[in-house]
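Data block for input.txt (compact mmCIF, C-alpha atoms):
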# COMPACT_ATOMS: atom_id res chain seq x y z
CA MET C 1 69.19 71.48 122.31
CA GLN C 2 65.46 71.42 121.70
CA VAL C 3 63.37 74.08 123.44
CA ASP C 4 60.20 72.89 125.13
CA ALA C 5 57.17 73.69 122.98
CA ALA C 6 55.57 75.46 125.94
CA VAL C 7 58.44 77.97 126.05
CA LYS C 8 57.96 80.99 123.81
CA THR C 9 60.70 83.22 122.46
CA LEU C 10 60.39 87.01 122.65
CA SER C 11 62.39 89.40 120.50
CA LEU C 12 62.47 92.74 122.32
CA ALA C 13 63.76 96.09 121.10
CA THR C 14 66.10 97.87 123.50
CA THR C 15 68.56 100.76 123.53
CA THR C 16 72.26 100.07 123.15
CA HIS C 17 75.27 102.25 122.40
CA GLY C 18 77.72 101.77 119.56
CA ARG C 19 81.39 102.76 119.54
CA VAL C 20 82.61 104.75 116.53
CA LEU C 21 86.05 106.25 115.82
CA VAL C 22 86.17 109.41 113.68
CA ARG C 23 89.19 111.15 112.18
CA GLU C 24 87.90 114.42 110.77
CA THR C 25 89.38 116.45 107.92
CA ALA C 26 88.39 120.01 107.12
CA GLY C 27 86.41 120.17 103.88
CA PRO C 28 86.73 116.43 103.17
CA LEU C 29 86.44 115.14 99.62
CA ALA C 30 84.59 112.13 101.01
CA VAL C 31 83.51 110.43 104.20
CA VAL C 32 84.85 106.87 104.22
CA ILE C 33 83.03 104.57 106.63
CA GLY C 34 84.73 101.30 107.57
CA PHE C 35 83.39 98.05 109.02
CA HIS C 36 85.73 95.53 110.64
CA GLY C 37 85.71 91.75 110.49
CA TYR C 38 84.69 89.13 113.07
CA MET C 39 86.68 89.25 116.33
CA GLU C 40 88.08 92.68 115.46
CA ASN C 41 87.35 96.22 116.63
CA ALA C 42 87.14 99.81 115.42
CA GLU C 43 90.86 100.44 115.98
CA ILE C 44 91.84 97.65 113.60
CA GLN C 45 89.58 98.94 110.84
CA MET C 46 90.73 102.52 111.39
CA GLU C 47 94.32 101.38 110.80
CA ARG C 48 93.19 99.91 107.47
CA LEU C 49 91.45 103.13 106.46
CA VAL C 50 94.48 105.23 107.39
CA SER C 51 96.68 102.93 105.27
CA ILE C 52 94.78 103.89 102.09
CA PRO C 53 96.87 106.38 100.08
CA GLY C 54 95.12 109.75 99.97
CA SER C 55 93.06 109.08 103.10
CA GLU C 56 94.37 112.29 104.67
CA ARG C 57 91.88 114.10 102.41
CA TRP C 58 88.91 112.17 103.75
CA THR C 59 87.02 112.00 107.00
CA LEU C 60 87.49 108.45 108.25
CA VAL C 61 84.84 106.70 110.31
CA SER C 62 85.42 103.26 111.81
CA VAL C 63 82.28 101.61 113.16
CA GLN C 64 82.50 98.89 115.81
CA GLY C 65 79.99 96.05 115.89
CA LEU C 66 77.32 96.25 118.57
CA HIS C 67 78.07 92.78 119.95
CA ARG C 68 81.22 93.07 122.09
CA PHE C 69 83.18 90.36 123.88
CA TYR C 70 86.70 89.61 125.08
CA ARG C 71 89.34 87.89 122.96
CA GLY C 72 89.89 84.61 124.77
CA ARG C 73 91.06 85.20 128.34
CA SER C 74 92.56 88.59 127.53
CA GLN C 75 91.25 92.08 128.30
CA GLU C 76 91.12 93.04 124.60
CA VAL C 77 87.59 93.99 123.57
CA ILE C 78 86.52 92.79 120.15
CA ALA C 79 83.16 92.56 118.40
CA SER C 80 80.99 90.92 115.78
CA TRP C 81 78.10 92.18 113.70
CA MET C 82 75.58 89.39 114.08
CA THR C 83 74.93 85.66 114.22
CA ARG C 84 72.28 83.52 112.58
CA GLN C 85 70.06 83.95 115.68
CA ASP C 86 67.35 86.57 115.11
CA ARG C 87 69.18 87.46 111.91
CA ASP C 88 66.50 89.65 110.32
CA ALA C 89 66.10 91.75 113.46
CA ALA C 90 69.88 92.14 113.76
CA ILE C 91 70.10 93.35 110.15
CA LEU C 92 67.51 96.05 110.83
CA ASP C 93 69.30 97.07 114.03
CA ASN C 94 72.61 97.36 112.18
CA ILE C 95 71.17 99.40 109.33
CA GLU C 96 69.64 101.85 111.80
CA TYR C 97 73.03 101.98 113.55
CA VAL C 98 74.68 102.93 110.25
CA ASN C 99 72.04 105.61 109.67
CA ARG C 100 72.88 107.19 113.02
CA VAL C 101 76.61 107.00 112.32
CA VAL C 102 76.17 108.78 108.98
CA GLU C 103 73.93 111.40 110.56
CA ALA C 104 76.49 112.08 113.28
CA ALA C 105 79.72 111.95 111.26
CA ALA C 106 78.98 112.82 107.62
CA PRO C 107 78.24 116.42 106.53
CA PRO C 108 74.86 116.79 104.76
CA GLY C 109 75.11 116.26 101.02
CA GLY C 110 78.67 114.97 101.16
CA ARG C 111 79.96 111.88 99.41
CA VAL C 112 79.91 108.64 101.40
CA VAL C 113 81.98 105.53 100.65
CA THR C 114 81.72 102.28 102.63
CA VAL C 115 84.66 99.93 103.16
CA GLY C 116 84.30 96.46 104.66
CA PHE C 117 86.65 93.64 105.55
CA SER C 118 85.53 90.02 106.01
CA GLN C 119 82.29 90.00 108.07
CA GLY C 120 82.23 93.78 107.68
CA VAL C 121 81.70 93.45 103.92
CA ALA C 122 78.05 92.61 104.47
CA MET C 123 77.70 95.74 106.59
CA ALA C 124 79.38 97.86 103.93
CA PHE C 125 76.83 96.64 101.38
CA ARG C 126 73.83 96.93 103.69
CA GLY C 127 74.76 100.43 104.75
CA ALA C 128 75.41 101.52 101.18
CA VAL C 129 72.26 100.01 99.67
CA ARG C 130 69.71 100.00 102.50
CA GLY C 131 70.91 102.97 104.52
CA ALA C 132 69.02 106.25 104.57
CA ARG C 133 71.87 107.88 102.65
CA ARG C 134 73.08 105.96 99.62
CA ALA C 135 76.83 105.48 99.28
CA SER C 136 78.62 106.42 96.07
CA ALA C 137 80.97 103.41 96.19
CA ILE C 138 81.71 100.21 98.10
CA VAL C 139 85.08 98.58 98.78
CA ALA C 140 84.62 94.93 99.81
CA VAL C 141 87.63 92.85 100.88
CA GLY C 142 87.43 89.18 101.81
CA GLY C 143 83.67 88.87 102.20
CA ASP C 144 80.58 88.22 100.11
CA VAL C 145 77.53 90.26 99.15
CA PRO C 146 74.58 89.71 101.54
CA PRO C 147 72.12 87.31 99.90
CA GLU C 148 69.03 89.31 100.88
CA LEU C 149 70.26 92.24 98.79
CA LEU C 150 70.84 90.09 95.71
CA GLU C 151 67.36 88.61 96.14
CA ASP C 152 65.74 92.07 96.27
CA PRO C 153 64.84 93.28 92.76
CA ALA C 154 64.51 96.85 94.05
CA ALA C 155 68.05 97.00 95.48
CA ALA C 156 70.26 99.51 93.61
CA PHE C 157 74.00 98.99 93.96
CA PRO C 158 76.64 101.71 93.61
CA PRO C 159 79.99 100.87 91.96
CA ALA C 160 81.83 98.20 93.95
CA MET C 161 85.37 96.88 94.22
CA LEU C 162 85.52 93.22 95.26
CA ALA C 163 88.87 91.87 96.44
CA ARG C 164 90.14 88.52 97.70
CA GLY C 165 93.51 87.06 98.60
CA ALA C 166 94.65 84.30 96.27
CA GLY C 167 95.18 82.09 99.32
CA ASP C 168 91.89 82.95 101.04
CA ASP C 169 90.12 79.70 101.92
CA TRP C 170 86.98 81.51 103.11
CA TYR C 171 86.18 83.98 100.35
CA THR C 172 87.03 81.63 97.52
CA ALA C 173 87.45 82.31 93.81
CA ALA C 174 84.05 80.68 93.20
CA ARG C 175 82.34 82.99 95.69
CA LEU C 176 84.00 86.03 94.17
CA ASP C 177 82.93 85.01 90.67
CA ALA C 178 79.36 84.43 91.84
CA ASP C 179 79.20 87.87 93.46
CA VAL C 180 80.67 89.59 90.40
CA ASN C 181 78.21 87.89 88.07
CA ALA C 182 75.24 88.65 90.34
CA LEU C 183 76.15 92.33 90.69
CA ARG C 184 76.87 92.84 87.00
CA THR C 185 73.55 91.21 86.16
CA ARG C 186 71.98 93.89 88.33
CA GLY C 187 73.76 96.62 86.35
CA CYS C 188 76.40 97.34 88.99
CA ARG C 189 79.86 98.47 87.86
CA VAL C 190 82.29 96.05 89.47
CA GLU C 191 86.06 96.01 89.68
CA THR C 192 87.96 93.04 91.06
CA LEU C 193 91.33 92.47 92.69
CA VAL C 194 93.00 89.15 93.45
CA TYR C 195 96.17 89.74 95.45
CA GLY C 196 98.97 87.55 96.71
CA ALA C 197 97.95 86.89 100.30
CA GLY C 198 95.39 85.07 102.42
CA HIS C 199 92.43 86.42 104.37
CA GLU C 200 94.03 89.76 105.14
CA TRP C 201 94.30 93.43 104.21
CA THR C 202 97.54 94.31 102.43
CA ALA C 203 99.29 97.38 101.00
CA GLU C 204 98.17 96.25 97.54
CA VAL C 205 94.56 96.29 98.70
CA ALA C 206 95.00 99.78 100.16
CA THR C 207 96.48 101.11 96.91
CA ALA C 208 93.70 99.60 94.80
CA ALA C 209 91.05 100.93 97.20
CA SER C 210 92.51 104.42 96.89
CA ALA C 211 92.36 104.37 93.09
CA PHE C 212 88.82 103.01 93.12
CA ILE C 213 87.52 105.57 95.58
CA VAL C 214 89.07 108.43 93.63
CA GLN C 215 87.75 107.31 90.25
CA SER C 216 84.29 106.63 91.65
CA HIS C 217 83.90 110.32 92.55

Please, can you express the file's structure as structure tokens?
Amino acid sequence: MQVDAAVKTLSLATTTHGRVLVRETAGPLAVVIGFHGYMENAEIQMERLVSIPGSERWTLVSVQGLHRFYRGRSQEVIASWMTRQDRDAAILDNIEYVNRVVEAAAPPGGRVVTVGFSQGVAMAFRGAVRGARRASAIVAVGGDVPPELLEDPAAAFPPAMLARGAGDDWYTAARLDADVNALRTRGCRVETLVYGAGHEWTAEVATAASAFIVQSH
């Protein structure tokens, strides 16, 4: 629907509160920060983080998207990270959100790893690259690298693991190849995993993520 030319659009900053789940470990070897997919929540991503072998040695942080809504007619609260509307402002809001999460949950000077699934992959990359505290590694499953980072010649990428299900119709083989080539051109160390499933997180993904996080130390 066309908006009347006499109607102006305002983009106003406001205060909102984000929901973050934290499972602390004394003297953690790393702080692993997870970002869920579209129509998911922090509990779902926390289950994925817990499934990673060796995660008992890490502090796990599952960040829920700021934009909450109900799943259909149920009472289950789910979330998303952003839409195309006011995209640039939403990106800045989300990066500042990640900064506050890291400040609240990660000990100073400790190692930070970001883990994203589907829509959360973009957040894992933005937090790792644009956040106030650079991550030492990124695990990206079923989602692509944000285009604005690849277009920024100053962006420095930590080592990344990119994974897709062989039957994933959204994050296709062509999109994975394009991301791998773009990151390697930028000097990023990239590992890939293609696993026998669709658009989902599996035990094979969890095992590969564990090995990647450990070797990226």

Which distance in Å separates CA of Ser216 in chain C and CA of Ala128 in chain C, to one decimal?
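CA of Ala128 in chain C lies 14.0 Å from CA of Ser216 in chain C.
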
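Here the question is which of C:Glu148, C:Glu76, C:Asp4, C:Glu47 gets nearest to Ala203 in chain C using only C-alpha atoms, and that residue is C:Glu47.
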
Can you pull out every residue within 12 Å of Ala132 in chain C, counting all atoms listed in the file, but drop anything in the same chain fewer than 2 positions away, and send it as a VMD selection string?
chain C and resid 95 to 103 112 126 to 130 134 to 135

Emit the selected residues as a short mmCIF file (atom, residue, chain, number, x, y, z; two decimals), keeping the file's coordinate frame, including C-alpha atoms.
data_model
loop_
_atom_site.label_atom_id
_atom_site.label_comp_id
_atom_site.auth_asym_id
_atom_site.auth_seq_id
_atom_site.Cartn_x
_atom_site.Cartn_y
_atom_site.Cartn_z
CA ILE C 95 71.17 99.40 109.33
CA GLU C 96 69.64 101.85 111.80
CA TYR C 97 73.03 101.98 113.55
CA VAL C 98 74.68 102.93 110.25
CA ASN C 99 72.04 105.61 109.67
CA ARG C 100 72.88 107.19 113.02
CA VAL C 101 76.61 107.00 112.32
CA VAL C 102 76.17 108.78 108.98
CA GLU C 103 73.93 111.40 110.56
CA VAL C 112 79.91 108.64 101.40
CA ARG C 126 73.83 96.93 103.69
CA GLY C 127 74.76 100.43 104.75
CA ALA C 128 75.41 101.52 101.18
CA VAL C 129 72.26 100.01 99.67
CA ARG C 130 69.71 100.00 102.50
CA ARG C 134 73.08 105.96 99.62
CA ALA C 135 76.83 105.48 99.28
#

Please report the interatomic distance between CA of Asn41 in chain C and CA of Phe117 in chain C in Å with one decimal.
11.4 Å

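CA of Glu191 in chain C to CA of Ser80 in chain C spans 27.1 Å [interatomic distance, one decimal].
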
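In this comparison, which uses only C-alpha atoms, the residue of C:Leu66, C:Met39, C:Ala13, C:Ala166 approaching Tyr195 in chain C most closely is C:Ala166.
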
Nearest-residue call for Ala26 in chain C, choices C:His67, C:Leu92, C:Pro107, C:Arg189, using all atoms listed in the file
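For Ala26 in chain C, the nearest of the candidates is C:Pro107.
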
What are the centre and edge lengths in Å, to one decimal, of the axis-aligned box around all listed atoms of range 28-46 of chain C with 5 Å added on each side, as lines of an AutoDock Vina configuration file?
center_x = 87.4
center_y = 102.8
center_z = 108.1
size_x = 18.8
size_y = 37.3
size_z = 27.0

Best match for closeness to Leu193 in chain C among C:Arg175, C:Arg111, C:Arg164, C:Arg19, counting all atoms listed in the file:
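So, comparing all the options, the nearest one is C:Arg164.
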
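Proximity to Ile52 in chain C was assessed for C:Trp201, C:Ala178, C:Pro147, C:His217 counting all atoms listed in the file; the smallest distance is recorded for C:Trp201.
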
Of C:Ala154, C:Ala104, C:Val214, C:Val145, the one nearest to Leu29 in chain C when counting all atoms listed in the file is C:Val214

Excluding Thr185 in chain C and residues on its chain fewer than 5 positions from it, collect all residues at most 12 Å away from it, counting all atoms listed in the file, and give them as a compact mmCIF listing (two decimals) with C-alpha atoms, keeping the file's coordinate frame.
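Below is the file out-v4.txt, written as the result:
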# COMPACT_ATOMS: atom_id res chain seq x y z
CA LEU C 150 70.84 90.09 95.71
CA PRO C 153 64.84 93.28 92.76
CA ALA C 156 70.26 99.51 93.61
CA PHE C 157 74.00 98.99 93.96
CA ALA C 178 79.36 84.43 91.84
CA ASP C 179 79.20 87.87 93.46
CA VAL C 180 80.67 89.59 90.40
CA VAL C 190 82.29 96.05 89.47
